[in-house]
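Below is one structure, written out as structure tokens, with a few remarks after it.
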Protein chains: 2
Amino acid sequence: MAVPPAPAAVDPMAAAAARVSRHDNRRDQLAESALVTLGNLGYAKSSLREIAQRSPFTHGVVHYYFSNKEELITYCVRYYKATCVTRYDEIVTTSSTAEELQSGFAAKLAETIREEGPMHQLWYDLRNQSMFEPALREVVLEIDGQLQAMIWRVITKYADLAGREPALDPATTYGLLDGLFAQTLLAWATGPEGDRESVLDVLTARVDTLMPTLLR
Amino acid sequence: MAVPPAPAAVDPMAAAAARVSRHDNRRDQLAESALVTLGNLGYAKSSLREIAQRSPFTHGVVHYYFSNKEELITYCVRYYKATCVTRYDEIVTTSSTAEELQSGFAAKLAETIREEGPMHQLWYDLRNQSMFEPALREVVLEIDGQLQAMIWRVITKYADLAGREPALDPATTYGLLDGLFAQTLLAWATGPEGDRESVLDVLTARVDTLMPTLLR
DNA sequence: CCTCGTCCTTTACGACTGTCAAGAAAACCT
DNA sequence: AGGTTTTCTTGACAGTCGTAAAGGACGAGG
């Protein structure tokens with residue numbers, strides 16, 4: 001791999017900063033590659049060698065930038081979460097009616113499965129593995145809380161627009177919607193290729209009927 | 001391992017049947033041991049050697065009774081399911097009021113986490129792995145359908161007793177309740193030991209508030 | 001009693017795992 | 001230009017994995 005040459009820096013402090021930045025960039029590149037592999041193979045079957053082989057790097061580089069497998073995984077998960085826990089915020093801020101928010105949210109749920117299915121598979125895999133592997137618990141707990149907060153932002157805005165109140169607490173609301181989402185993801189991932197779109201349609205329909213009952 | 005001697009059989013056909021039965025018994029014993037290990041370690045970390053070591057058998061025996069790891073796993077899952085997809089049927093048949101069914105069902109949900117937590121962890125693990133491992137899909141799909149049917153029996157009886165109708169289709173209803181159940185199991189499995197009972201209390205409370213909204 | 005089929009233990013094989021280190025290559029700085 | 005530091009390749013290590021086979025133990029049937 002050719003490393004882009006750092007700009008000639010006269011200032012040694014700036015040079016050090018550039019070095020650190022280049023180092024972090026590599027970590028991000030590794031994480032991005034690793035996430036693709038993790039999403040496709042799952043946590044268990046993603047060895048460091050397999051991850052490296054499906055990236056522009058060798059397996060030695062992985063160990064150069066991450067001291068453990070655990071460090072790589074948790075770094076990947078946090079990297080992934082940074083781009084995804086605000087997924088519905090645009091819909092929340094731009095919707096001006098309850099119906100618009102409801103249908104936009106339902107559509108977005110389906111869209112993110114279609115566009116980022118493997119990433120969601122990975123998330124559920126890791127969340128489950130955290131029941132067996134204590135090392136994963138901290139990062140899983142953190143992200144799960146952020147996902148719950150994200151859903152709660154949707155629901156409070158939805159309630160606002162509808163002039164009503166959320167009927168349930170944040171955790172319960174998240175649990176219900178997450179159940180439907182996971183169920184759909186499973187059908188999407190394991191079902192025949194031709195059924196994928198209809199599976200997503202079913203999800204939006206279910207969310208559409210569920211949403212009003214989440215308010216009182 | 002000492003094998004219990006087969007009763008002296010004069011009839012060669014009866015002898016053959018006894019042999020087959022002994023063979024099946026061994027498979028069940030193996031499966032029972034394996035399930036404990038699978039539930040404690042998860043699918044990924046349960047090697048055949050680990051399974052054998054936590055059983056009264058050697059790893060050679062495992063391979064003698066099951067030709068593959070896959071065959072062992074799927075046999076285990078089916079063996080487990082046989083004892084669990086009727087878990088709520090007694091409550092369904094004995095309850096005479098909607099309230100009784102509702103609270104009995106909610107309590108049973110919590111109880112089965114308390115009593116059989118690792119088994120449920122294993123189930124969610126396998127269901128998730130089926131997204132990455134096509135070999136698991138058939139058995140997962142089969143059991144998921146049976147679980148859904150089990151939930152639907154509860155809901156239809158509940159609707160009957162309440163003199164109302166189920167508000168949602170079986171799949172949606174199952175998805176919602178399963179979401180709450182999985183959420184609770186995660187908290188139960190990964191949270192501090194001292195919080196386990198309160199986590200279960202929260203589940204029963206949530207199910208109690210949810211149940212009426214599942215009817216119309 | 002002796003053989004045969006079943007059941008089980010033990011050992012082995014090749015592949016794969018995470019981790020590490022030696023050293024080449026490249027980039028950097030003076 | 002030359003020495004230093006960072007980056008990367010390669011090969012090796014000690015384990016573990018699933019799978020298989022060779023052989024012993026042992027009751028069943030002749």
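Ordering of the structure tokens sets the chain letters (A, B, ...); residue numbers start at 1 within each chain; ligands are numbered from 1 in the order shown.
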
Quick one: pick out all alpha helix (DSSP H) residues within segment 3-190 of chain B from a backbone DSSP run and write them as a PyMOL selection string.
chain B and resi 12-41+48-53+59-65+69-82+89-94+98-129+137-162+170-190

Taking only C-alpha atoms (C1' of nucleotides) into account, find every residue of chain A that has an atom no more than 8 Å from chain D, and write it out as a list in words.
Thr58, Gly60 and Val61 of chain A

Near chain B, which residues of chain C fall within 12 Å when you count only C-alpha atoms (C1' of nucleotides), and what do they look like as a list in words?
DG5, DT6, DC7, DC8, DT9, DT10 and DT11 of chain C

Please check the contacts: residues of chain B at most 9 Å away from chain A, using only C-alpha atoms, listed as number ranges by chain.
B: 39-45, 121, 124-125, 127-134, 137, 141, 168, 171-172, 174-187, 189-191, 206, 209-210, 213

If we count only C-alpha atoms (C1' of nucleotides) and set the cut-off at 7 Å, which residues sit around Trp152 of chain B, ignoring sequence neighbours fewer than 4 positions away in its own chain? Please answer as a VMD selection string.
chain B and resid 148 156 170

Non-local contacts of Thr94 of chain B (12 Å; only C-alpha atoms (C1' of nucleotides); under 3 positions in same chain excluded) as JSON, numbers by chain
{"B": [88, 89, 90, 91, 97, 98, 100, 101, 104, 105, 154, 157, 158, 161]}

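Taking atom CA of His63 of chain A and atom CA of Leu48 of chain A as the two end points, the separation is 8.5 Å.
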
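Taking only C-alpha atoms (C1' of nucleotides), the non-local environment of Ala159 of chain A within 8 Å (same-chain residues fewer than 6 positions away omitted) comprises Ala98, Glu165, Pro166 and Leu215 of chain A.
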
Could you give me, as a compact mmCIF listing (two decimals) with C-alpha atoms, in the first residue's frame, the residues within 8 Å of segment 28-33 of chain B, counting only C-alpha atoms (C1' of nucleotides) and dropping anything in the same chain fewer than 5 positions from it?
# COMPACT_ATOMS: atom_id res chain seq x y z
CA ILE B 51 -19.08 -30.10 24.39
CA ARG B 54 -18.51 -30.98 29.68
CA SER B 55 -20.30 -34.28 29.29
CA VAL B 62 -19.81 -37.43 19.82
CA LEU B 72 -25.40 -32.47 16.32
CA TYR B 75 -30.53 -32.39 16.50
CA CYS B 76 -29.99 -30.44 19.70
CA TYR B 79 -34.66 -31.77 20.83

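When atom CA of Val77 of chain A is paired with atom CA of Leu35 of chain A, their separation reads 8.1 Å.
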
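Between atom CA of Leu109 of chain B and atom CA of Arg87 of chain B the interatomic distance comes to 9.3 Å.
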